[in-house]
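Enquirer: Input file: my_file-v2.txt. Contents: compact mmCIF, C-alpha atoms.
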# COMPACT_ATOMS: atom_id res chain seq x y z
CA MET A 1220 56.96 27.80 -15.34
CA THR A 1221 54.44 30.60 -15.80
CA PRO A 1222 51.04 30.61 -14.01
CA ALA A 1223 49.32 30.15 -17.38
CA GLN A 1224 51.35 26.99 -18.06
CA ILE A 1225 50.60 25.62 -14.59
CA THR A 1226 46.88 26.30 -15.10
CA GLY A 1227 47.01 24.65 -18.53
CA GLN A 1228 48.71 21.53 -17.18
CA PHE A 1229 46.29 21.33 -14.27
CA THR A 1230 43.29 21.66 -16.59
CA GLU A 1231 44.68 18.95 -18.87
CA ALA A 1232 45.29 16.59 -15.95
CA VAL A 1233 41.78 17.13 -14.58
CA THR A 1234 40.21 16.65 -18.03
CA GLN A 1235 42.13 13.41 -18.53
CA ALA A 1236 41.15 12.16 -15.08
CA VAL A 1237 37.47 12.91 -15.71
CA ALA A 1238 37.59 11.23 -19.14
CA LEU A 1239 39.29 8.14 -17.70
CA ALA A 1240 36.83 7.97 -14.79
CA ALA A 1241 33.83 8.27 -17.13
CA THR A 1242 35.24 5.52 -19.36
CA VAL A 1243 35.92 3.16 -16.46
CA ILE A 1244 32.56 3.82 -14.78
CA PHE A 1245 30.29 3.66 -17.82
CA VAL A 1246 31.95 2.32 -20.98
CA ARG A 1247 34.17 -0.31 -19.37
CA ASN A 1248 32.09 -0.96 -16.29
CA ILE A 1249 33.64 -3.70 -14.17
CA ILE A 1250 30.34 -5.62 -13.87
CA PHE A 1251 28.46 -4.89 -17.09
CA THR A 1252 31.34 -5.19 -19.54
CA ARG A 1253 33.87 -7.27 -17.57
CA ALA A 1254 31.47 -9.44 -15.54
CA MET A 1255 33.79 -9.23 -12.51
CA GLY A 1256 32.63 -9.38 -8.90
CA ILE A 1257 29.06 -10.41 -9.72
CA SER A 1258 28.88 -13.33 -7.29
CA ALA A 1259 29.98 -11.13 -4.36
CA SER A 1260 27.43 -8.45 -5.21
CA LEU A 1261 24.64 -11.05 -5.43
CA PHE A 1262 25.84 -12.68 -2.20
CA VAL A 1263 25.58 -9.36 -0.33
CA LEU A 1264 22.09 -8.76 -1.73
CA ARG A 1265 20.94 -12.31 -0.97
CA LYS A 1266 22.20 -12.19 2.62
CA GLU A 1267 20.75 -8.69 3.06
CA HIS A 1268 24.06 -7.26 4.21
CA ASP A 1269 24.64 -3.51 4.01
CA HIS A 1270 25.17 -3.16 0.28
CA ARG A 1271 26.49 0.40 0.36
CA LEU A 1272 28.99 -0.48 3.07
CA PHE A 1273 30.31 -3.39 1.00
CA CYS A 1274 30.71 -1.19 -2.08
CA GLY A 1275 32.46 1.47 0.00
CA VAL A 1276 34.93 -1.08 1.40
CA LEU A 1277 35.54 -2.49 -2.08
CA THR A 1278 36.20 1.01 -3.46
CA LEU A 1279 38.68 1.70 -0.65
CA ILE A 1280 40.54 -1.58 -1.18
CA SER A 1281 40.56 -1.20 -4.96
CA THR A 1282 41.95 2.37 -4.72
CA LEU A 1283 44.61 1.49 -2.15
CA SER A 1284 45.68 -1.62 -4.08
CA CYS A 1285 46.03 0.34 -7.32
CA CYS A 1286 48.09 3.01 -5.52
CA LEU A 1287 50.36 0.37 -4.00
CA VAL A 1288 50.87 -1.41 -7.31
CA ALA A 1289 51.66 1.94 -9.00
CA LEU A 1290 54.79 2.17 -6.84
CA PHE A 1291 56.50 -0.88 -8.36
CA ASN A 1292 54.64 -1.76 -11.54
CA ARG A 1293 57.23 -0.17 -13.85
CA SER A 1294 59.97 -2.34 -12.32
CA LEU A 1295 57.74 -5.41 -12.59
CA SER A 1296 56.98 -4.72 -16.26
CA ARG A 1297 60.71 -4.71 -17.08
CA LEU A 1298 61.09 -8.35 -15.96
CA SER A 1299 61.06 -10.95 -18.74
CA GLY A 1300 58.44 -13.16 -17.05
CA ALA A 1301 56.25 -10.27 -15.91
CA TYR A 1302 53.04 -11.90 -17.21
CA TYR A 1303 53.60 -15.00 -15.08
CA LEU A 1304 54.62 -13.04 -11.99
CA ARG A 1305 51.82 -10.45 -12.01
CA PRO A 1306 49.19 -12.54 -10.16
CA LEU A 1307 51.72 -13.41 -7.45
CA VAL A 1308 52.86 -9.81 -6.94
CA TYR A 1309 49.33 -8.39 -7.12
CA SER A 1310 48.01 -11.01 -4.68
CA LEU A 1311 50.75 -9.97 -2.29
CA ALA A 1312 49.84 -6.28 -2.75
CA VAL A 1313 46.13 -6.96 -2.15
CA GLY A 1314 47.10 -9.08 0.86
CA VAL A 1315 49.07 -6.18 2.35
CA VAL A 1316 46.16 -3.77 1.80
CA TYR A 1317 43.75 -6.37 3.24
CA VAL A 1318 45.77 -6.67 6.47
CA VAL A 1319 46.36 -2.91 6.76
CA VAL A 1320 42.65 -2.12 6.32
CA LEU A 1321 41.67 -4.77 8.88
CA LEU A 1322 44.21 -3.46 11.39
CA ALA A 1323 43.17 0.16 10.77
CA VAL A 1324 39.49 -0.66 11.29
CA THR A 1325 40.29 -2.64 14.44
CA ARG A 1326 42.36 0.26 15.77
CA PHE A 1327 40.27 3.28 14.76
CA LEU A 1328 36.71 1.95 14.35
CA PRO A 1329 36.43 -0.73 17.06
CA ARG A 1330 32.69 -0.15 17.45
CA HIS A 1331 32.04 -1.01 13.79
CA ILE A 1332 34.44 -3.93 13.45
CA ASP A 1333 31.71 -6.58 13.58
CA ARG A 1334 29.89 -4.96 10.66
CA LEU A 1335 33.02 -4.15 8.68
CA ARG A 1336 35.06 -7.34 9.06
CA PRO A 1337 32.88 -9.60 6.85
CA MET A 1338 32.70 -6.87 4.22
CA ILE A 1339 36.50 -6.56 4.18
CA HIS A 1340 36.90 -10.34 3.89
CA LEU A 1341 34.50 -10.40 0.96
CA ALA A 1342 35.91 -7.35 -0.82
CA ALA A 1343 39.65 -7.95 -0.51
CA PHE A 1344 40.20 -10.71 -3.06
CA ASN A 1345 37.12 -9.87 -5.07
CA GLY A 1346 37.41 -10.29 -8.85
CA ALA A 1347 36.77 -6.57 -9.32
CA VAL A 1348 39.83 -5.59 -7.26
CA MET A 1349 42.15 -8.08 -8.97
CA GLY A 1350 40.58 -7.18 -12.31
CA ALA A 1351 41.38 -3.48 -11.84
CA LEU A 1352 45.01 -4.35 -11.06
CA LEU A 1353 45.35 -6.67 -14.03
CA LEU A 1354 43.73 -4.17 -16.39
CA THR A 1355 46.14 -1.41 -15.41
CA GLY A 1356 49.11 -3.71 -14.89
CA SER A 1357 50.14 -4.17 -18.49
CA ARG A 1358 50.15 -0.41 -19.11
CA ASN A 1359 52.68 1.92 -17.59
CA TYR A 1360 50.40 4.59 -16.19
CA ASN A 1361 51.52 7.22 -13.72
CA PHE A 1362 50.50 7.20 -10.05
CA PHE A 1363 47.63 9.64 -10.53
CA THR A 1364 46.11 7.48 -13.28
CA TYR A 1365 46.30 4.40 -11.05
CA LEU A 1366 44.57 6.33 -8.31
CA VAL A 1367 41.76 7.44 -10.64
CA TYR A 1368 41.45 3.92 -12.11
CA GLY A 1369 41.12 2.25 -8.72
CA LEU A 1370 38.60 4.81 -7.50
CA SER A 1371 36.56 4.68 -10.72
CA THR A 1372 36.48 0.89 -10.65
CA GLY A 1373 34.93 1.05 -7.19
CA ILE A 1374 32.44 3.74 -8.25
CA GLY A 1375 31.51 1.74 -11.36
CA TYR A 1376 31.04 -1.36 -9.23
CA THR A 1377 28.85 0.58 -6.80
CA MET A 1378 26.69 1.97 -9.60
CA ALA A 1379 26.26 -1.44 -11.24
CA SER A 1380 25.49 -3.12 -7.92
CA TYR A 1381 22.93 -0.43 -7.17
CA LEU A 1382 21.20 -1.03 -10.51
CA ILE A 1383 21.11 -4.77 -9.77
CA SER A 1384 19.81 -4.18 -6.23
CA LEU A 1385 16.90 -2.07 -7.55
CA SER A 1386 15.31 -5.08 -9.21
CA PHE A 1387 16.67 -7.84 -6.99
CA GLU A 1388 13.42 -8.24 -5.02
CA GLN A 1389 11.27 -8.39 -8.16
CA LEU A 1390 13.58 -10.96 -9.74
CA GLN A 1391 12.77 -13.36 -6.88
CA SER A 1392 9.03 -12.86 -7.40
CA GLU A 1393 6.57 -15.75 -7.54
CA LYS A 1394 5.28 -14.33 -10.82
CA ILE A 1395 8.49 -15.39 -12.56
CA PRO A 1396 8.47 -19.03 -13.79
CA PRO A 1397 10.31 -21.22 -11.23
CA ALA A 1398 13.01 -22.25 -13.71
CA PHE A 1399 14.02 -18.61 -14.25
CA ARG A 1400 13.38 -17.29 -10.74
CA GLY A 1401 16.37 -15.91 -8.86
CA PHE A 1402 19.81 -16.35 -10.38
CA PRO A 1403 18.93 -17.15 -14.05
CA ILE A 1404 16.66 -14.13 -14.53
CA THR A 1405 19.20 -11.93 -12.69
CA LEU A 1406 21.83 -12.93 -15.25
CA LEU A 1407 19.47 -12.09 -18.11
CA TYR A 1408 18.69 -8.73 -16.45
CA ILE A 1409 22.41 -7.94 -16.08
CA GLY A 1410 22.85 -8.97 -19.73
CA VAL A 1411 20.22 -6.48 -20.88
CA LEU A 1412 21.90 -3.73 -18.83
CA SER A 1413 25.23 -4.82 -20.27
CA LEU A 1414 23.86 -4.37 -23.80
CA ALA A 1415 22.56 -0.91 -22.88
CA PHE A 1416 25.98 0.13 -21.54
CA TYR A 1417 27.63 -1.37 -24.61
CA GLY A 1418 25.67 1.18 -26.62
CA LEU A 1419 27.83 3.92 -25.05
CA ILE A 1420 30.69 2.77 -27.26
CA GLY A 1421 28.62 4.17 -30.11
CA HIS A 1422 27.54 2.72 -33.41
CA GLY A 1423 26.31 4.50 -36.50
CA LEU A 1424 23.22 3.13 -38.21
CA SER A 1425 23.79 1.97 -41.77
CA THR A 1426 22.00 4.15 -44.31
CA MET B 876 11.55 -42.65 -14.76
CA ILE B 877 14.65 -40.43 -14.62
CA ARG B 878 13.28 -38.70 -11.52
CA LYS B 879 12.59 -42.00 -9.79
CA PHE B 880 16.08 -43.27 -10.64
CA TYR B 881 17.60 -40.02 -9.31
CA GLN B 882 15.60 -40.10 -6.10
CA THR B 883 16.48 -43.77 -5.47
CA HIS B 884 20.21 -43.10 -5.95
CA ARG B 885 20.16 -39.59 -4.53
CA LYS B 886 23.07 -40.10 -2.10
CA THR B 887 25.36 -41.28 -4.89
CA PHE B 888 24.40 -38.41 -7.19
CA GLU B 889 24.88 -35.83 -4.44
CA ARG B 890 28.58 -36.66 -4.26
CA PHE B 891 28.93 -35.28 -7.79
CA ASN B 892 26.45 -32.41 -7.42
CA TYR B 893 29.01 -29.77 -8.45
CA LEU B 894 29.03 -31.34 -11.88
CA LEU B 895 25.52 -30.18 -12.76
CA LEU B 896 22.82 -29.64 -10.14
CA GLU B 897 24.99 -27.48 -7.85
CA ASN B 898 27.28 -26.29 -10.61
CA PRO B 899 29.39 -23.43 -9.18
CA VAL B 900 28.89 -21.25 -12.26
CA LEU B 901 25.21 -21.92 -12.87
CA GLU B 902 23.97 -22.01 -9.28
CA ARG B 903 25.66 -19.00 -7.64
CA GLY B 904 27.70 -17.38 -10.39
CA LEU B 905 31.07 -18.35 -8.93
CA THR B 906 33.94 -17.90 -11.43
CA ILE B 907 31.45 -16.54 -13.92
CA ALA B 908 33.54 -13.70 -15.41
CA PRO B 909 35.81 -15.84 -17.64
CA VAL B 910 32.79 -17.81 -18.91
CA ILE B 911 30.83 -14.69 -19.80
CA VAL B 912 33.58 -12.66 -21.41
CA ALA B 913 36.29 -15.04 -22.60
CA ALA B 914 34.45 -18.27 -23.49
CA THR B 915 33.70 -17.22 -27.06
CA THR B 916 35.48 -20.02 -28.94
CA VAL B 917 36.00 -23.71 -28.23
CA LYS B 918 39.76 -23.12 -28.08
CA ASN B 919 39.33 -20.46 -25.42
CA GLY B 920 36.88 -22.66 -23.53
CA LEU B 921 39.28 -25.60 -23.44
CA ALA B 922 42.17 -23.34 -22.39
CA LEU B 923 40.09 -21.84 -19.59
CA SER B 924 38.89 -25.25 -18.37
CA ILE B 925 42.40 -26.71 -18.23
CA ALA B 926 43.82 -23.68 -16.42
CA PHE B 927 40.88 -23.62 -13.99
CA ALA B 928 41.24 -27.32 -13.20
CA ILE B 929 44.98 -27.10 -12.54
CA ILE B 930 44.87 -23.89 -10.50
CA THR B 931 41.78 -24.70 -8.43
CA VAL B 932 42.31 -28.42 -7.76
CA CYS B 933 46.02 -28.05 -6.95
CA THR B 934 45.57 -24.95 -4.78
CA ILE B 935 42.69 -26.24 -2.68
CA THR B 936 44.40 -29.61 -2.26
CA ALA B 937 47.68 -27.98 -1.21
CA THR B 938 46.07 -25.51 1.20
CA TYR B 939 44.05 -28.32 2.80
CA PHE B 940 47.14 -28.95 4.92
CA ILE B 941 47.39 -25.40 6.29
CA PRO B 942 46.74 -25.78 10.04
CA LYS B 943 43.27 -24.69 11.15
CA GLN B 944 44.87 -22.49 13.85
CA VAL B 945 46.18 -20.07 11.21
CA PRO B 946 43.98 -16.92 11.21
CA TYR B 947 41.40 -16.72 8.41
CA THR B 948 42.96 -13.57 6.89
CA LEU B 949 46.39 -15.18 6.54
CA SER B 950 44.85 -18.37 5.14
CA VAL B 951 43.03 -16.38 2.45
CA ILE B 952 46.26 -14.61 1.47
CA ALA B 953 48.10 -17.96 1.44
CA ASN B 954 45.42 -19.43 -0.84
CA ALA B 955 45.80 -16.56 -3.32
CA LEU B 956 49.60 -16.83 -3.28
CA VAL B 957 49.58 -20.62 -3.76
CA ALA B 958 47.10 -20.21 -6.63
CA SER B 959 49.43 -17.63 -8.19
CA VAL B 960 52.27 -20.15 -8.06
CA PHE B 961 50.14 -22.84 -9.78
CA PHE B 962 49.11 -20.23 -12.35
CA ILE B 963 52.62 -20.32 -13.84
CA PRO B 964 52.74 -24.01 -14.96
CA ALA B 965 49.02 -23.89 -15.87
CA THR B 966 49.59 -20.96 -18.23
CA MET B 967 52.71 -22.54 -19.73
CA LEU B 968 50.75 -25.72 -20.44
CA VAL B 969 47.84 -23.81 -21.97
CA ASP B 970 50.25 -21.82 -24.13
CA ARG B 971 51.84 -25.04 -25.37
CA LEU B 972 48.53 -26.81 -26.07
CA PHE B 973 46.71 -23.84 -27.61
CA PRO B 974 49.16 -21.30 -29.06
CA GLY B 975 47.68 -17.80 -28.96
CA ALA B 976 44.96 -18.66 -26.44
CA VAL B 977 46.81 -17.00 -23.54
CA PHE B 978 46.83 -13.72 -25.46
CA GLN B 979 43.15 -14.08 -26.40
CA LEU B 980 42.09 -14.80 -22.82
CA GLY B 981 43.91 -11.67 -21.62
CA ILE B 982 43.32 -10.88 -17.96
CA TYR B 983 40.77 -13.68 -17.53
CA LEU B 984 43.46 -16.32 -17.17
CA PRO B 985 45.34 -14.63 -14.27
CA LEU B 986 41.97 -13.70 -12.77
CA LEU B 987 41.41 -17.40 -12.06
CA VAL B 988 43.82 -17.18 -9.10
CA THR B 989 41.23 -15.26 -7.09
CA ASN B 990 38.20 -17.29 -8.11
CA SER B 991 35.54 -17.72 -5.43
CA LEU B 992 36.14 -21.45 -5.03
CA ILE B 993 39.73 -20.78 -3.93
CA ILE B 994 39.12 -17.65 -1.86
CA GLN B 995 35.82 -18.42 -0.13
CA LYS B 996 34.46 -21.90 -0.77
CA SER B 997 37.73 -23.63 0.09
CA PHE B 998 37.13 -22.74 3.76
CA SER B 999 33.35 -23.00 3.94
CA ARG B 1000 32.97 -26.19 1.89
CA PHE B 1001 36.02 -28.06 0.63
CA HIS B 1002 38.26 -27.91 3.70
CA GLN B 1003 35.37 -28.98 5.93
CA ALA B 1004 35.10 -32.36 4.20
CA PRO B 1005 37.37 -35.42 4.63
CA PHE B 1006 40.28 -35.41 2.16
CA GLY B 1007 38.94 -38.09 -0.22
CA GLN B 1008 35.48 -36.53 -0.34
CA MET B 1009 37.04 -33.12 -0.94
CA LEU B 1010 38.97 -34.46 -3.93
CA VAL B 1011 35.78 -35.90 -5.44
CA GLN B 1012 34.00 -32.56 -4.90
CA LEU B 1013 36.90 -30.63 -6.42
CA LEU B 1014 37.06 -32.84 -9.50
CA SER B 1015 33.28 -32.50 -9.86
CA ALA B 1016 33.60 -28.72 -9.64
CA ALA B 1017 36.34 -28.74 -12.30
CA GLY B 1018 34.18 -31.02 -14.46
CA GLY B 1019 31.18 -28.73 -13.91
CA PHE B 1020 33.21 -25.69 -14.97
CA PHE B 1021 34.36 -27.61 -18.06
CA LEU B 1022 30.77 -28.56 -19.02
CA VAL B 1023 29.47 -25.00 -18.69
CA THR B 1024 32.44 -23.41 -20.41
CA MET B 1025 32.25 -25.82 -23.33
CA ALA B 1026 28.47 -25.43 -23.71
CA VAL B 1027 28.77 -21.63 -23.70
CA SER B 1028 31.81 -21.66 -26.01
CA VAL B 1029 30.28 -24.00 -28.60
CA LEU B 1030 26.99 -22.08 -28.72
CA ARG B 1031 28.71 -18.71 -29.02
CA GLU B 1032 31.28 -19.81 -31.58
CA VAL B 1033 28.76 -21.60 -33.80
CA LEU B 1034 25.89 -19.11 -33.55
CA GLY B 1035 27.97 -15.96 -33.02
CA ALA B 1036 30.87 -16.43 -35.41
CA GLY B 1037 29.71 -19.29 -37.63
CA THR B 1038 32.85 -21.33 -36.93
CA LEU B 1039 33.86 -24.35 -34.86
CA PHE B 1040 37.47 -24.83 -33.74
CA ASP B 1041 38.15 -21.73 -35.88
CA LYS B 1042 36.96 -23.57 -39.01
CA PRO B 1043 34.11 -21.90 -40.94
CA LEU B 1044 30.77 -23.73 -40.93
CA ASP B 1045 28.15 -23.57 -43.64
CA ILE B 1046 25.87 -21.20 -41.71
CA THR B 1047 24.18 -18.33 -43.54
CA PHE B 1048 23.02 -16.30 -40.57
CA THR B 1049 25.05 -15.61 -37.45
CA ILE B 1050 24.34 -13.52 -34.34
CA PRO B 1051 27.61 -11.61 -33.75
CA ALA B 1052 26.24 -10.05 -30.52
CA LEU B 1053 26.54 -13.48 -28.89
CA THR B 1054 30.31 -13.02 -28.77
CA LEU B 1055 29.86 -9.86 -26.65
CA PRO B 1056 29.53 -10.02 -22.83
CA PHE B 1057 25.79 -9.49 -23.38
CA GLY B 1058 25.69 -12.80 -25.27
CA GLY B 1059 27.63 -14.46 -22.46
CA PHE B 1060 25.08 -13.29 -19.88
CA LEU B 1061 22.22 -14.43 -22.10
CA VAL B 1062 23.58 -17.92 -22.85
CA THR B 1063 24.74 -18.51 -19.27
CA GLY B 1064 21.40 -17.27 -17.92
CA LEU B 1065 19.51 -19.67 -20.16
CA LEU B 1066 21.76 -22.57 -19.15
CA ALA B 1067 21.24 -21.66 -15.48
CA ALA B 1068 17.47 -21.74 -16.07
CA ALA B 1069 17.73 -25.16 -17.73
CA VAL B 1070 19.71 -26.56 -14.79
CA GLN B 1071 17.29 -24.98 -12.29
CA ALA B 1072 14.37 -26.59 -14.16
CA LEU B 1073 16.13 -29.96 -14.02
CA ARG B 1074 16.87 -29.49 -10.29
CA LEU B 1075 13.22 -28.68 -9.58
CA TYR B 1076 12.04 -31.62 -11.69
CA LEU B 1077 14.34 -34.14 -10.01
CA GLY B 1078 13.64 -32.82 -6.53
CA SER B 1079 9.87 -32.72 -6.81
CA ALA B 1080 7.51 -35.56 -5.96
CA GLU B 1081 6.13 -37.51 -8.89
CA ARG B 1082 2.63 -36.40 -9.86
CA PRO B 1083 -0.04 -39.11 -9.98
CA ARG B 1084 -1.05 -39.77 -13.58
CA LYS B 1085 -4.57 -38.79 -14.56
CA LYS B 1086 -6.86 -41.70 -15.28
CA ARG B 1087 -8.58 -41.51 -18.63
Please lay out the structure from this file as structure tokens.
Expert:
Amino acid sequence: MTPAQITGQFTEAVTQAVALAATVIFVRNIIFTRAMGISASLFVLRKEHDHRLFCGVLTLISTLSCCLVALFNRSLSRLSGAYYLRPLVYSLAVGVVYVVVLLAVTRFLPRHIDRLRPMIHLAAFNGAVMGALLLTGSRNYNFFTYLVYGLSTGIGYTMASYLISLSFEQLQSEKIPPAFRGFPITLLYIGVLSLAFYGLIGHGLST
Amino acid sequence: MIRKFYQTHRKTFERFNYLLLENPVLERGLTIAPVIVAATTVKNGLALSIAFAIITVCTITATYFIPKQVPYTLSVIANALVASVFFIPATMLVDRLFPGAVFQLGIYLPLLVTNSLIIQKSFSRFHQAPFGQMLVQLLSAAGGFFLVTMAVSVLREVLGAGTLFDKPLDITFTIPALTLPFGGFLVTGLLAAAVQALRLYLGSAERPRKKR
């Protein structure tokens, strides 16, 4: 293979990765278009936990889980009852990642374990992590694509959670009618953001 | 009058709080993703409710017997695995009752195996209660999910698509955006506000009537 061909292939791979990441983060955002992992994000905000830490842990678990599933997903897809078996196999994969991350944190970051442990418990079986696996599961992507998908899901989740956190205080305000205060108005706010992100799909105005 | 009746029989009503006043979907947004994205038709709503009831009730009941000495991490994994096993008959039943619904629900049916009631609330709420009380709470939660899913599905199918049970209705104007996730957030948010208003009304003290 000539250097020009290698450069061409590398450029194509990078372009595809960037395009996939942009799609997963903005157009198919895990919160705004899939509504996954909302309750965990709101729980972290309500309890005033470290929001960025939670999103970081979720991104790590989502990326590792996608990478692990990439190793055997082709074999799984060949089975006749793959649809029925996917949740079982993916739960097992997330479970393995969950234990490994907990053990690694206990071993290498013992000073931070008290802060990290609840975040790991909350992030491991989060809807966003399982959602990322199920969304990629039915397609036979290569390992690199799984890696990008898992990472982008976490980044998309972080961005969406950040946008929710910006207005979280105001949405609990006394100025909001009691019936809407808190959770109901937060849902309406996420809905408006969801509509804005939906616009990225693109629609032409009728003339 | 309704408030007085509620406050007199408060203890009885509180046993079934998950049905409406502490509805898992409308109070904290637990298991909200399938309702927002997939509950767009009555058929989908019924399919989701049946699958949710089977997976959640059976899993939490079965894992009630896991010894308390088992570490939390392993219990969580066990819950997810047991739910994945119950997912198989639940999906087969849904496929038989509503042909095509499994395809339409896509990833939102398997996503039920990691719903927050199974993963988190089973330890903090359900498994803390005596077995009989837990069963009542679980059935209330399944009933609550059914109520919300059906309300959201009916509104979105009628107003968004102009159909009911896939049959066209004589409606001139529809709001197709209601079938998008945006519509799901909007309808669920409004339902959550209605339930919050009811909760505040029932919980508050009765105001003395003004004398004319």
Enquirer: Report, in Å to a single decimal, how far apart atom CA of Ile1404 of chain A and atom CA of Leu1382 of chain A are.
Expert: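 It comes out at 14.4 Å.
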Enquirer: Give as a PDB file with C-alpha atoms, keeping the file's coordinate frame every residue of chain B that touches chain A within 9 Å, counting only C-alpha atoms.
Expert:
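As a result, selection05.pdb now contains:
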ATOM      1  CA  LEU B 901      25.210 -21.920 -12.870  1.00  0.00           C
ATOM      2  CA  GLU B 902      23.970 -22.010  -9.280  1.00  0.00           C
ATOM      3  CA  ARG B 903      25.660 -19.000  -7.640  1.00  0.00           C
ATOM      4  CA  GLY B 904      27.700 -17.380 -10.390  1.00  0.00           C
ATOM      5  CA  LEU B 905      31.070 -18.350  -8.930  1.00  0.00           C
ATOM      6  CA  THR B 906      33.940 -17.900 -11.430  1.00  0.00           C
ATOM      7  CA  ILE B 907      31.450 -16.540 -13.920  1.00  0.00           C
ATOM      8  CA  ALA B 908      33.540 -13.700 -15.410  1.00  0.00           C
ATOM      9  CA  PRO B 909      35.810 -15.840 -17.640  1.00  0.00           C
ATOM     10  CA  ILE B 911      30.830 -14.690 -19.800  1.00  0.00           C
ATOM     11  CA  VAL B 912      33.580 -12.660 -21.410  1.00  0.00           C
ATOM     12  CA  THR B 948      42.960 -13.570   6.890  1.00  0.00           C
ATOM     13  CA  LEU B 949      46.390 -15.180   6.540  1.00  0.00           C
ATOM     14  CA  VAL B 951      43.030 -16.380   2.450  1.00  0.00           C
ATOM     15  CA  ILE B 952      46.260 -14.610   1.470  1.00  0.00           C
ATOM     16  CA  ALA B 953      48.100 -17.960   1.440  1.00  0.00           C
ATOM     17  CA  ALA B 955      45.800 -16.560  -3.320  1.00  0.00           C
ATOM     18  CA  LEU B 956      49.600 -16.830  -3.280  1.00  0.00           C
ATOM     19  CA  VAL B 957      49.580 -20.620  -3.760  1.00  0.00           C
ATOM     20  CA  ALA B 958      47.100 -20.210  -6.630  1.00  0.00           C
ATOM     21  CA  SER B 959      49.430 -17.630  -8.190  1.00  0.00           C
ATOM     22  CA  VAL B 960      52.270 -20.150  -8.060  1.00  0.00           C
ATOM     23  CA  PHE B 962      49.110 -20.230 -12.350  1.00  0.00           C
ATOM     24  CA  ILE B 963      52.620 -20.320 -13.840  1.00  0.00           C
ATOM     25  CA  THR B 966      49.590 -20.960 -18.230  1.00  0.00           C
ATOM     26  CA  MET B 967      52.710 -22.540 -19.730  1.00  0.00           C
ATOM     27  CA  ILE B 982      43.320 -10.880 -17.960  1.00  0.00           C
ATOM     28  CA  TYR B 983      40.770 -13.680 -17.530  1.00  0.00           C
ATOM     29  CA  PRO B 985      45.340 -14.630 -14.270  1.00  0.00           C
ATOM     30  CA  LEU B 986      41.970 -13.700 -12.770  1.00  0.00           C
ATOM     31  CA  LEU B 987      41.410 -17.400 -12.060  1.00  0.00           C
ATOM     32  CA  VAL B 988      43.820 -17.180  -9.100  1.00  0.00           C
ATOM     33  CA  THR B 989      41.230 -15.260  -7.090  1.00  0.00           C
ATOM     34  CA  ASN B 990      38.200 -17.290  -8.110  1.00  0.00           C
ATOM     35  CA  SER B 991      35.540 -17.720  -5.430  1.00  0.00           C
ATOM     36  CA  ILE B 994      39.120 -17.650  -1.860  1.00  0.00           C
ATOM     37  CA  GLN B 995      35.820 -18.420  -0.130  1.00  0.00           C
ATOM     38  CA  LEU B1055      29.860  -9.860 -26.650  1.00  0.00           C
ATOM     39  CA  PRO B1056      29.530 -10.020 -22.830  1.00  0.00           C
ATOM     40  CA  PHE B1057      25.790  -9.490 -23.380  1.00  0.00           C
ATOM     41  CA  GLY B1058      25.690 -12.800 -25.270  1.00  0.00           C
ATOM     42  CA  GLY B1059      27.630 -14.460 -22.460  1.00  0.00           C
ATOM     43  CA  PHE B1060      25.080 -13.290 -19.880  1.00  0.00           C
ATOM     44  CA  LEU B1061      22.220 -14.430 -22.100  1.00  0.00           C
ATOM     45  CA  VAL B1062      23.580 -17.920 -22.850  1.00  0.00           C
ATOM     46  CA  THR B1063      24.740 -18.510 -19.270  1.00  0.00           C
ATOM     47  CA  GLY B1064      21.400 -17.270 -17.920  1.00  0.00           C
ATOM     48  CA  LEU B1065      19.510 -19.670 -20.160  1.00  0.00           C
ATOM     49  CA  LEU B1066      21.760 -22.570 -19.150  1.00  0.00           C
ATOM     50  CA  ALA B1067      21.240 -21.660 -15.480  1.00  0.00           C
ATOM     51  CA  ALA B1068      17.470 -21.740 -16.070  1.00  0.00           C
ATOM     52  CA  ALA B1069      17.730 -25.160 -17.730  1.00  0.00           C
ATOM     53  CA  VAL B1070      19.710 -26.560 -14.790  1.00  0.00           C
ATOM     54  CA  GLN B1071      17.290 -24.980 -12.290  1.00  0.00           C
ATOM     55  CA  ALA B1072      14.370 -26.590 -14.160  1.00  0.00           C
ATOM     56  CA  LEU B1073      16.130 -29.960 -14.020  1.00  0.00           C
ATOM     57  CA  ARG B1074      16.870 -29.490 -10.290  1.00  0.00           C
ATOM     58  CA  LEU B1075      13.220 -28.680  -9.580  1.00  0.00           C
TER      59      LEU B1075
END
Enquirer: To one decimal in Å, tell me the separation between atom CA of Val1263 of chain A and atom CA of Tyr1076 of chain B.
Expert: 28.4 Å
Enquirer: I need the residue nearest Ala1241 of chain A from this list: A:Thr1372, A:Ser1380, A:Ser1392, A:His1270. Use only C-alpha atoms for the distance.
Expert: A:Thr1372
Enquirer: Go through A:Thr1377, A:Asn1359, A:Thr1364, A:Gln1391 and flag the residue nearest Thr1234 of chain A, using all atoms listed in the file for the distances.
Expert: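 Closest candidate: A:Thr1364.
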Enquirer: What gap, in Å, lies between atom CA of Ile925 of chain B and atom CA of Ala965 of chain B?
Expert: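 That distance, rounded to one decimal, is 7.6 Å.
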Enquirer: Please determine the residues with any atom at most 12 Å from (38.4, 3.5, 3.6) (coordinates as given in the file, with all atoms listed in the file counting) and report them as a list in words.
Expert: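 Final list of nearby residues, as requested, is Leu1272, Phe1273, Cys1274, Gly1275, Val1276, Leu1277, Thr1278, Leu1279, Ile1280, Ser1281, Thr1282, Leu1283, Ser1284, Val1316, Tyr1317, Val1319, Val1320, Leu1321, Leu1322, Ala1323, Val1324, Phe1327, Leu1328, Leu1335, Met1338, Ile1339, Ala1342, Leu1370 and Gly1373 of chain A.
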